[in-house]
>>> print(open('structure_10.cif').read())   # mmCIF, C-alpha atoms
data_work
#
loop_
_atom_site.label_atom_id
_atom_site.label_comp_id
_atom_site.auth_asym_id
_atom_site.auth_seq_id
_atom_site.Cartn_x
_atom_site.Cartn_y
_atom_site.Cartn_z
CA PRO N 1003 -44.46 113.02 31.81
CA LYS N 1004 -47.09 115.30 30.40
CA ASN N 1005 -45.88 118.66 29.19
CA THR N 1006 -48.84 120.97 29.16
CA ALA N 1007 -51.33 121.96 31.80
CA ASP N 1008 -54.12 121.00 29.40
CA GLU N 1009 -52.81 117.42 29.22
CA ILE N 1010 -52.51 117.23 33.02
CA THR N 1011 -55.86 118.66 34.04
CA GLY N 1012 -58.02 118.58 30.93
CA THR N 1013 -58.36 122.37 31.14
CA LYS N 1014 -56.10 125.32 30.44
CA TRP N 1015 -53.86 126.27 33.37
CA ILE N 1016 -50.50 127.93 33.62
CA MET N 1017 -47.62 125.52 34.21
CA PRO N 1018 -44.90 126.13 36.84
CA GLU N 1019 -42.28 127.05 34.25
CA GLU N 1020 -44.74 129.49 32.65
CA PHE N 1021 -45.40 131.02 36.08
CA VAL N 1022 -41.65 131.54 36.58
CA GLU N 1023 -41.38 133.12 33.14
CA LEU N 1024 -44.30 135.38 34.04
CA LEU N 1025 -42.50 136.51 37.20
CA VAL N 1026 -39.28 137.21 35.27
CA ARG N 1027 -41.19 139.25 32.68
CA LEU N 1028 -43.11 141.20 35.34
CA GLY N 1029 -39.87 141.97 37.16
CA HIS N 1030 -38.32 143.20 33.94
CA LEU N 1031 -41.34 145.36 33.04
CA LYS N 1032 -41.67 146.88 36.50
CA PHE N 1033 -37.97 147.42 37.26
CA SER N 1034 -36.35 147.55 33.76
CA SER N 1035 -33.92 144.76 34.59
CA THR N 1036 -34.29 141.02 34.35
CA VAL N 1037 -32.24 139.74 37.29
CA ARG N 1038 -32.51 142.80 39.54
CA GLY N 1039 -36.15 143.18 38.54
CA LEU N 1040 -37.02 139.63 39.56
CA LYS N 1041 -35.23 140.08 42.89
CA GLN N 1042 -37.05 143.37 43.54
CA LEU N 1043 -40.42 141.90 42.54
CA ILE N 1044 -39.94 139.02 44.97
CA LYS N 1045 -38.61 141.26 47.76
CA GLN N 1046 -41.22 144.03 47.46
CA HIS N 1047 -44.33 142.33 46.16
CA LEU N 1048 -44.25 138.58 46.81
CA LYS N 1049 -42.27 137.81 49.95
CA PRO N 1050 -44.12 140.23 52.26
CA TYR N 1051 -47.41 138.53 51.40
CA ALA N 1052 -46.30 134.94 50.88
CA MET N 1053 -46.54 133.89 54.51
CA GLN N 1054 -49.74 135.78 55.34
CA ALA N 1055 -51.99 132.89 54.42
CA GLU N 1056 -53.44 131.59 57.65
CA MET N 1057 -53.61 127.91 58.41
CA ASP N 1058 -57.34 128.47 58.87
CA ASP N 1059 -57.56 129.46 55.20
CA PHE N 1060 -55.70 126.30 54.24
CA PHE N 1061 -58.01 124.14 56.37
CA SER N 1062 -61.05 125.94 54.90
CA LEU N 1063 -59.96 124.93 51.40
CA LEU N 1064 -59.82 121.32 52.52
CA GLN N 1065 -63.48 121.49 53.59
CA LEU N 1066 -64.74 122.41 50.12
CA GLU N 1067 -66.88 119.76 48.43
CA ARG N 1068 -64.38 119.13 45.63
CA PHE N 1069 -61.70 118.40 48.23
CA VAL N 1070 -63.96 116.22 50.35
CA LEU N 1071 -64.73 114.19 47.23
CA THR N 1072 -61.02 113.93 46.41
CA PHE N 1073 -60.26 112.67 49.91
CA GLN N 1074 -63.15 110.18 49.67
CA SER N 1075 -61.92 108.82 46.34
CA LEU N 1076 -58.46 108.18 47.84
CA GLU N 1077 -59.66 107.13 51.31
CA LYS N 1078 -58.56 103.50 51.08
CA TYR N 1079 -55.02 104.45 50.10
CA LEU N 1080 -54.80 107.25 52.64
CA LYS N 1081 -55.95 105.01 55.49
CA ASP N 1082 -53.65 102.16 54.42
CA ILE N 1083 -50.61 104.46 54.42
CA TYR N 1084 -51.57 106.04 57.72
CA MET N 1085 -52.25 102.76 59.51
CA SER N 1086 -49.10 101.10 58.13
CA TYR N 1087 -46.81 103.84 59.36
CA ALA N 1088 -48.69 104.88 62.52
CA ARG N 1089 -48.23 101.40 63.93
CA LEU N 1090 -44.46 101.24 63.39
CA ASP N 1091 -43.60 102.16 66.97
CA GLY N 1092 -46.30 99.89 68.39
CA GLN N 1093 -47.73 102.66 70.55
CA THR N 1094 -51.30 103.90 70.51
CA ARG N 1095 -53.19 106.40 72.60
CA GLN N 1096 -56.49 105.83 74.28
CA GLU N 1097 -58.21 107.64 71.39
CA GLY N 1098 -56.70 105.25 68.84
CA VAL N 1099 -53.74 104.97 66.49
CA ASP N 1100 -51.57 108.04 66.03
CA MET N 1101 -48.42 108.92 64.11
CA CYS N 1102 -45.27 110.48 65.50
CA GLY N 1103 -42.82 112.63 63.55
CA LYS N 1104 -40.40 109.75 63.02
CA GLU N 1105 -43.14 107.62 61.45
CA PHE N 1106 -44.25 110.52 59.24
CA ALA N 1107 -40.67 111.03 58.08
CA GLN N 1108 -40.32 107.32 57.32
CA ILE N 1109 -43.06 107.59 54.66
CA TRP N 1110 -40.95 109.98 52.60
CA THR N 1111 -37.75 108.01 53.12
CA ASP N 1112 -39.44 104.79 51.98
CA ALA N 1113 -40.98 106.58 48.97
CA LYS N 1114 -37.46 107.79 48.08
CA LEU N 1115 -38.64 111.40 47.97
CA ILE N 1116 -36.08 112.84 50.40
CA ASP N 1117 -33.49 114.80 48.44
CA ASN N 1118 -31.64 118.13 48.46
CA ARG N 1119 -34.89 120.08 48.03
CA PHE N 1120 -37.36 117.97 50.04
CA THR N 1121 -35.22 117.41 53.11
CA GLN N 1122 -35.83 115.94 56.57
CA THR N 1123 -36.02 119.53 57.82
CA VAL N 1124 -38.88 120.28 55.43
CA VAL N 1125 -40.65 117.08 56.53
CA ASN N 1126 -40.26 118.05 60.18
CA GLN N 1127 -41.58 121.57 59.50
CA ILE N 1128 -44.65 120.16 57.78
CA PHE N 1129 -45.24 117.80 60.69
CA ILE N 1130 -44.99 120.67 63.20
CA HIS N 1131 -47.10 123.16 61.22
CA ILE N 1132 -49.99 120.78 60.62
CA GLN N 1133 -50.55 120.14 64.31
CA GLU N 1134 -53.88 121.48 65.51
CA ASP N 1135 -52.61 121.38 69.07
CA ALA N 1136 -49.15 121.35 70.57
CA ASP N 1137 -48.80 117.58 70.95
CA GLU N 1138 -46.18 115.57 69.13
CA ILE N 1139 -48.53 113.18 67.40
CA MET N 1140 -50.53 113.34 64.19
CA MET N 1141 -54.05 112.02 64.01
CA TYR N 1142 -55.55 110.77 60.74
CA ALA N 1143 -57.22 114.10 59.79
CA GLU N 1144 -53.95 115.94 60.35
CA PHE N 1145 -52.15 113.31 58.28
CA LYS N 1146 -54.43 113.99 55.30
CA HIS N 1147 -53.77 117.71 55.64
CA ALA N 1148 -50.03 117.08 55.85
CA LEU N 1149 -50.18 115.08 52.61
CA VAL N 1150 -51.79 118.09 50.93
CA MET N 1151 -48.94 120.28 52.19
CA VAL N 1152 -46.42 117.85 50.75
CA ALA N 1153 -48.33 117.86 47.46
CA VAL N 1154 -48.11 121.65 47.37
CA TYR N 1155 -44.38 121.40 48.00
CA PHE N 1156 -43.93 119.01 45.07
CA MET N 1157 -46.43 120.73 42.80
CA PRO N 1158 -46.30 124.47 43.56
CA ALA N 1159 -48.30 125.50 40.46
CA PRO N 1160 -50.62 128.13 42.00
CA PHE N 1161 -52.97 128.23 39.04
CA ILE N 1162 -53.87 124.55 39.16
CA PRO N 1163 -56.58 123.90 41.77
CA LEU N 1164 -55.28 122.39 44.98
CA ASN N 1165 -57.47 119.29 44.82
CA ILE N 1166 -56.15 118.51 41.32
CA ARG N 1167 -52.54 118.95 42.46
CA PHE N 1168 -53.19 116.72 45.47
CA ARG N 1169 -54.76 113.95 43.37
CA LYS N 1170 -51.93 114.19 40.83
CA PHE N 1171 -49.32 114.01 43.59
CA MET N 1172 -50.96 110.97 45.14
CA THR N 1173 -51.49 109.05 41.90
CA ASP N 1174 -48.31 110.00 40.05
CA ILE N 1175 -45.72 110.45 42.80
CA LEU N 1176 -46.66 108.73 46.04
CA LEU N 1177 -48.76 105.76 44.82
CA PRO N 1178 -47.49 104.79 41.36
#
>>> encode(input="structure_10.cif", output="structure tokens")
Amino acid sequence: PKNTADEITGTKWIMPEEFVELLVRLGHLKFSSTVRGLKQLIKQHLKPYAMQAEMDDFFSLLQLERFVLTFQSLEKYLKDIYMSYARLDGQTRQEGVDMCGKEFAQIWTDAKLIDNRFTQTVVNQIFIHIQEDADEIMMYAEFKHALVMVAVYFMPAPFIPLNIRFRKFMTDILLP
């Protein structure tokens, strides 16, 4: 595995472990204590704002040209995965092939990515949160968005652009 953000992206970005170190240092500077300071920083300054990002903002990011190009470059693989798993139960709707939660979960089981951190519960939450309506199926566009959410889960480095993290997740983790 590559060790520096420069090796991963070709540009200078902060790595996840550097981001954690930054948070520890900020907590210490602000609250004069390393452990208590980090806890206070998270409680007072990060947690209250962490969940304020709207799904609309997330979907807006996915409409940017750099993301559209990333999706296009991986389209064959994305469609192959979707079609392979969406057909597992043999059911389709009038509008075409769709994916249920069980089929979505099977992707991660087959890829051997389910573990103590990325659990079935997390997979189910992603499936539920990506739904544009209240149905229990995932269409292809929602599937692509769900893959981006999974990529964020596996690569939470906030200073590396989302499209780069998504491509890296697809090429290095899901499709190797």
>>> atom_distance(input="structure_10.cif", atom1="atom CA of N:Ala1159", atom2="atom CA of N:Leu1031")
22.3 Å
>>> residues_around(input="structure_10.cif", residues="N:Glu1138", least_positions_apart="5", cutoff="10 Å", atoms="only C-alpha atoms", output="list in words")
Asp1100, Met1101, Cys1102, Gly1103, Phe1129, Ile1130 and Gln1133 of chain N
>>> resolve_selection(input="structure_10.cif", expression="the PyMOL selection byres ((chain N and resi 1059-1073) around 12)", output="ChimeraX atom specification")
/N:1053-1058,1074-1081,1131-1134,1142-1151,1154,1163-1170,1172-1173
>>> axis_aligned_box(input="structure_10.cif", around="stretch 1129-1143 of chain N", padding_each_side="3 Å", output="AutoDock Vina command-line options")
--center_x -51.1 --center_y 117.0 --center_z 65.4 --size_x 18.2 --size_y 18.4 --size_z 17.2
>>> closest_residue(input="structure_10.cif", among="N:Ala1153, N:Leu1048, N:Leu1177, N:Leu1043", to="N:Asp1112", atoms="only C-alpha atoms")
N:Leu1177
>>> closest_residue(input="structure_10.cif", among="N:Phe1161, N:Phe1033, N:Leu1176, N:Met1141", to="N:Leu1115", atoms="all atoms listed in the file")
N:Leu1176
>>> closest_residue(input="structure_10.cif", among="N:Ile1044, N:Arg1038, N:Thr1111, N:Ile1116", to="N:Leu1025", atoms="all atoms listed in the file")
N:Ile1044
>>> atom_distance(input="structure_10.cif", atom1="atom CA of N:Ile1162", atom2="atom CA of N:Trp1015")
6.0 Å
>>> atom_distance(input="structure_10.cif", atom1="atom CA of N:Pro1158", atom2="atom CA of N:Met1017")
9.5 Å
>>> residues_near_point(input="structure_10.cif", point="(-44.9, 104.1, 60.8)", cutoff="7 Å", atoms="all atoms listed in the file", output="list in words")
Ser1086, Tyr1087, Ala1088, Arg1089, Leu1090, Asp1091, Met1101, Glu1105, Phe1106 and Gln1108 of chain N
>>> decode(input="structure_10.cif", residues="stretch 1074-1123 of chain N", atoms="N, CA and C atoms", output="PDB file, in the first residue's frame")
ATOM      1  N   GLN N1074     -18.450   7.702 -15.518  1.00  0.00           N
ATOM      2  CA  GLN N1074     -18.381   7.235 -16.910  1.00  0.00           C
ATOM      3  C   GLN N1074     -17.200   6.296 -17.121  1.00  0.00           C
ATOM      4  N   SER N1075     -16.067   6.609 -16.512  1.00  0.00           N
ATOM      5  CA  SER N1075     -14.882   5.771 -16.705  1.00  0.00           C
ATOM      6  C   SER N1075     -15.041   4.389 -16.062  1.00  0.00           C
ATOM      7  N   LEU N1076     -15.922   4.281 -15.067  1.00  0.00           N
ATOM      8  CA  LEU N1076     -16.140   3.007 -14.375  1.00  0.00           C
ATOM      9  C   LEU N1076     -17.476   2.365 -14.739  1.00  0.00           C
ATOM     10  N   GLU N1077     -18.185   2.947 -15.711  1.00  0.00           N
ATOM     11  CA  GLU N1077     -19.551   2.539 -16.037  1.00  0.00           C
ATOM     12  C   GLU N1077     -19.703   1.043 -16.299  1.00  0.00           C
ATOM     13  N   LYS N1078     -18.814   0.461 -17.061  1.00  0.00           N
ATOM     14  CA  LYS N1078     -18.917  -0.961 -17.379  1.00  0.00           C
ATOM     15  C   LYS N1078     -18.903  -1.804 -16.106  1.00  0.00           C
ATOM     16  N   TYR N1079     -17.973  -1.508 -15.214  1.00  0.00           N
ATOM     17  CA  TYR N1079     -17.860  -2.262 -13.968  1.00  0.00           C
ATOM     18  C   TYR N1079     -19.067  -2.037 -13.068  1.00  0.00           C
ATOM     19  N   LEU N1080     -19.499  -0.787 -12.982  1.00  0.00           N
ATOM     20  CA  LEU N1080     -20.649  -0.463 -12.145  1.00  0.00           C
ATOM     21  C   LEU N1080     -21.903  -1.196 -12.624  1.00  0.00           C
ATOM     22  N   LYS N1081     -22.137  -1.157 -13.932  1.00  0.00           N
ATOM     23  CA  LYS N1081     -23.324  -1.830 -14.481  1.00  0.00           C
ATOM     24  C   LYS N1081     -23.228  -3.342 -14.314  1.00  0.00           C
ATOM     25  N   ASP N1082     -22.039  -3.898 -14.532  1.00  0.00           N
ATOM     26  CA  ASP N1082     -21.867  -5.348 -14.373  1.00  0.00           C
ATOM     27  C   ASP N1082     -22.192  -5.784 -12.940  1.00  0.00           C
ATOM     28  N   ILE N1083     -21.679  -5.047 -11.967  1.00  0.00           N
ATOM     29  CA  ILE N1083     -21.944  -5.387 -10.562  1.00  0.00           C
ATOM     30  C   ILE N1083     -23.433  -5.267 -10.276  1.00  0.00           C
ATOM     31  N   TYR N1084     -24.011  -4.142 -10.687  1.00  0.00           N
ATOM     32  CA  TYR N1084     -25.429  -3.914 -10.429  1.00  0.00           C
ATOM     33  C   TYR N1084     -26.290  -5.011 -11.041  1.00  0.00           C
ATOM     34  N   MET N1085     -26.089  -5.283 -12.309  1.00  0.00           N
ATOM     35  CA  MET N1085     -26.919  -6.271 -13.003  1.00  0.00           C
ATOM     36  C   MET N1085     -26.731  -7.674 -12.415  1.00  0.00           C
ATOM     37  N   SER N1086     -25.495  -8.022 -12.067  1.00  0.00           N
ATOM     38  CA  SER N1086     -25.236  -9.347 -11.494  1.00  0.00           C
ATOM     39  C   SER N1086     -25.994  -9.557 -10.193  1.00  0.00           C
ATOM     40  N   TYR N1087     -25.982  -8.556  -9.331  1.00  0.00           N
ATOM     41  CA  TYR N1087     -26.617  -8.713  -8.026  1.00  0.00           C
ATOM     42  C   TYR N1087     -28.109  -8.388  -8.056  1.00  0.00           C
ATOM     43  N   ALA N1088     -28.527  -7.458  -8.894  1.00  0.00           N
ATOM     44  CA  ALA N1088     -29.942  -7.082  -8.951  1.00  0.00           C
ATOM     45  C   ALA N1088     -30.805  -8.219  -9.467  1.00  0.00           C
ATOM     46  N   ARG N1089     -30.225  -9.136 -10.172  1.00  0.00           N
ATOM     47  CA  ARG N1089     -30.985 -10.257 -10.740  1.00  0.00           C
ATOM     48  C   ARG N1089     -30.980 -11.494  -9.848  1.00  0.00           C
ATOM     49  N   LEU N1090     -30.355 -11.428  -8.696  1.00  0.00           N
ATOM     50  CA  LEU N1090     -30.250 -12.614  -7.833  1.00  0.00           C
ATOM     51  C   LEU N1090     -31.607 -13.170  -7.423  1.00  0.00           C
ATOM     52  N   ASP N1091     -32.558 -12.297  -7.115  1.00  0.00           N
ATOM     53  CA  ASP N1091     -33.866 -12.792  -6.665  1.00  0.00           C
ATOM     54  C   ASP N1091     -34.812 -13.095  -7.829  1.00  0.00           C
ATOM     55  N   GLY N1092     -34.372 -12.775  -9.050  1.00  0.00           N
ATOM     56  CA  GLY N1092     -35.180 -13.083 -10.222  1.00  0.00           C
ATOM     57  C   GLY N1092     -36.384 -12.187 -10.420  1.00  0.00           C
ATOM     58  N   GLN N1093     -36.515 -11.161  -9.591  1.00  0.00           N
ATOM     59  CA  GLN N1093     -37.668 -10.268  -9.706  1.00  0.00           C
ATOM     60  C   GLN N1093     -37.254  -8.960 -10.362  1.00  0.00           C
ATOM     61  N   THR N1094     -38.124  -8.434 -11.189  1.00  0.00           N
ATOM     62  CA  THR N1094     -37.924  -7.116 -11.787  1.00  0.00           C
ATOM     63  C   THR N1094     -39.241  -6.362 -11.724  1.00  0.00           C
ATOM     64  N   ARG N1095     -39.131  -5.052 -11.760  1.00  0.00           N
ATOM     65  CA  ARG N1095     -40.334  -4.223 -11.804  1.00  0.00           C
ATOM     66  C   ARG N1095     -40.612  -3.861 -13.248  1.00  0.00           C
ATOM     67  N   GLN N1096     -41.729  -3.262 -13.452  1.00  0.00           N
ATOM     68  CA  GLN N1096     -42.109  -2.847 -14.803  1.00  0.00           C
ATOM     69  C   GLN N1096     -41.070  -1.885 -15.393  1.00  0.00           C
ATOM     70  N   GLU N1097     -40.471  -1.046 -14.531  1.00  0.00           N
ATOM     71  CA  GLU N1097     -39.488  -0.071 -15.000  1.00  0.00           C
ATOM     72  C   GLU N1097     -38.134  -0.701 -15.311  1.00  0.00           C
ATOM     73  N   GLY N1098     -37.920  -1.938 -14.922  1.00  0.00           N
ATOM     74  CA  GLY N1098     -36.650  -2.595 -15.203  1.00  0.00           C
ATOM     75  C   GLY N1098     -36.100  -3.329 -13.994  1.00  0.00           C
ATOM     76  N   VAL N1099     -34.819  -3.612 -14.036  1.00  0.00           N
ATOM     77  CA  VAL N1099     -34.149  -4.363 -12.983  1.00  0.00           C
ATOM     78  C   VAL N1099     -33.911  -3.447 -11.788  1.00  0.00           C
ATOM     79  N   ASP N1100     -34.139  -3.982 -10.599  1.00  0.00           N
ATOM     80  CA  ASP N1100     -33.877  -3.221  -9.385  1.00  0.00           C
ATOM     81  C   ASP N1100     -33.188  -4.125  -8.366  1.00  0.00           C
ATOM     82  N   MET N1101     -32.666  -3.511  -7.313  1.00  0.00           N
ATOM     83  CA  MET N1101     -31.906  -4.242  -6.314  1.00  0.00           C
ATOM     84  C   MET N1101     -32.575  -4.068  -4.954  1.00  0.00           C
ATOM     85  N   CYS N1102     -32.740  -5.159  -4.248  1.00  0.00           N
ATOM     86  CA  CYS N1102     -33.288  -5.079  -2.894  1.00  0.00           C
ATOM     87  C   CYS N1102     -32.126  -5.023  -1.890  1.00  0.00           C
ATOM     88  N   GLY N1103     -32.460  -4.784  -0.640  1.00  0.00           N
ATOM     89  CA  GLY N1103     -31.436  -4.669   0.398  1.00  0.00           C
ATOM     90  C   GLY N1103     -30.609  -5.923   0.567  1.00  0.00           C
ATOM     91  N   LYS N1104     -31.235  -7.076   0.427  1.00  0.00           N
ATOM     92  CA  LYS N1104     -30.518  -8.348   0.578  1.00  0.00           C
ATOM     93  C   LYS N1104     -29.465  -8.499  -0.529  1.00  0.00           C
ATOM     94  N   GLU N1105     -29.828  -8.103  -1.742  1.00  0.00           N
ATOM     95  CA  GLU N1105     -28.876  -8.190  -2.863  1.00  0.00           C
ATOM     96  C   GLU N1105     -27.723  -7.204  -2.673  1.00  0.00           C
ATOM     97  N   PHE N1106     -28.057  -6.002  -2.198  1.00  0.00           N
ATOM     98  CA  PHE N1106     -27.019  -4.999  -1.931  1.00  0.00           C
ATOM     99  C   PHE N1106     -26.048  -5.512  -0.869  1.00  0.00           C
ATOM    100  N   ALA N1107     -26.586  -6.114   0.173  1.00  0.00           N
ATOM    101  CA  ALA N1107     -25.741  -6.650   1.244  1.00  0.00           C
ATOM    102  C   ALA N1107     -24.855  -7.794   0.742  1.00  0.00           C
ATOM    103  N   GLN N1108     -25.359  -8.571  -0.208  1.00  0.00           N
ATOM    104  CA  GLN N1108     -24.605  -9.705  -0.729  1.00  0.00           C
ATOM    105  C   GLN N1108     -23.306  -9.260  -1.415  1.00  0.00           C
ATOM    106  N   ILE N1109     -23.331  -8.082  -2.027  1.00  0.00           N
ATOM    107  CA  ILE N1109     -22.119  -7.547  -2.679  1.00  0.00           C
ATOM    108  C   ILE N1109     -20.973  -7.506  -1.681  1.00  0.00           C
ATOM    109  N   TRP N1110     -21.251  -6.960  -0.506  1.00  0.00           N
ATOM    110  CA  TRP N1110     -20.203  -6.731   0.492  1.00  0.00           C
ATOM    111  C   TRP N1110     -19.782  -8.023   1.164  1.00  0.00           C
ATOM    112  N   THR N1111     -20.712  -8.963   1.287  1.00  0.00           N
ATOM    113  CA  THR N1111     -20.372 -10.284   1.819  1.00  0.00           C
ATOM    114  C   THR N1111     -19.450 -10.999   0.836  1.00  0.00           C
ATOM    115  N   ASP N1112     -19.824 -10.996  -0.443  1.00  0.00           N
ATOM    116  CA  ASP N1112     -19.010 -11.666  -1.462  1.00  0.00           C
ATOM    117  C   ASP N1112     -17.630 -11.030  -1.603  1.00  0.00           C
ATOM    118  N   ALA N1113     -17.552  -9.713  -1.420  1.00  0.00           N
ATOM    119  CA  ALA N1113     -16.265  -9.004  -1.526  1.00  0.00           C
ATOM    120  C   ALA N1113     -15.430  -9.170  -0.258  1.00  0.00           C
ATOM    121  N   LYS N1114     -16.001  -9.853   0.739  1.00  0.00           N
ATOM    122  CA  LYS N1114     -15.328 -10.096   2.020  1.00  0.00           C
ATOM    123  C   LYS N1114     -14.957  -8.784   2.722  1.00  0.00           C
ATOM    124  N   LEU N1115     -15.863  -7.829   2.659  1.00  0.00           N
ATOM    125  CA  LEU N1115     -15.627  -6.531   3.289  1.00  0.00           C
ATOM    126  C   LEU N1115     -16.408  -6.354   4.589  1.00  0.00           C
ATOM    127  N   ILE N1116     -17.317  -7.281   4.894  1.00  0.00           N
ATOM    128  CA  ILE N1116     -18.059  -7.206   6.146  1.00  0.00           C
ATOM    129  C   ILE N1116     -17.120  -7.604   7.278  1.00  0.00           C
ATOM    130  N   ASP N1117     -17.013  -6.748   8.277  1.00  0.00           N
ATOM    131  CA  ASP N1117     -16.169  -7.037   9.434  1.00  0.00           C
ATOM    132  C   ASP N1117     -16.751  -6.334  10.657  1.00  0.00           C
ATOM    133  N   ASN N1118     -15.947  -6.167  11.690  1.00  0.00           N
ATOM    134  CA  ASN N1118     -16.422  -5.537  12.929  1.00  0.00           C
ATOM    135  C   ASN N1118     -16.727  -4.051  12.752  1.00  0.00           C
ATOM    136  N   ARG N1119     -16.129  -3.409  11.783  1.00  0.00           N
ATOM    137  CA  ARG N1119     -16.346  -1.983  11.548  1.00  0.00           C
ATOM    138  C   ARG N1119     -17.401  -1.755  10.473  1.00  0.00           C
ATOM    139  N   PHE N1120     -17.291  -2.457   9.367  1.00  0.00           N
ATOM    140  CA  PHE N1120     -18.258  -2.352   8.268  1.00  0.00           C
ATOM    141  C   PHE N1120     -19.214  -3.532   8.405  1.00  0.00           C
ATOM    142  N   THR N1121     -20.244  -3.338   9.187  1.00  0.00           N
ATOM    143  CA  THR N1121     -21.156  -4.418   9.558  1.00  0.00           C
ATOM    144  C   THR N1121     -22.398  -4.444   8.663  1.00  0.00           C
ATOM    145  N   GLN N1122     -23.198  -5.487   8.825  1.00  0.00           N
ATOM    146  CA  GLN N1122     -24.474  -5.573   8.105  1.00  0.00           C
ATOM    147  C   GLN N1122     -25.364  -4.388   8.453  1.00  0.00           C
ATOM    148  N   THR N1123     -25.289  -3.925   9.693  1.00  0.00           N
ATOM    149  CA  THR N1123     -26.077  -2.767  10.118  1.00  0.00           C
ATOM    150  C   THR N1123     -25.680  -1.534   9.325  1.00  0.00           C
TER     151      THR N1123
END
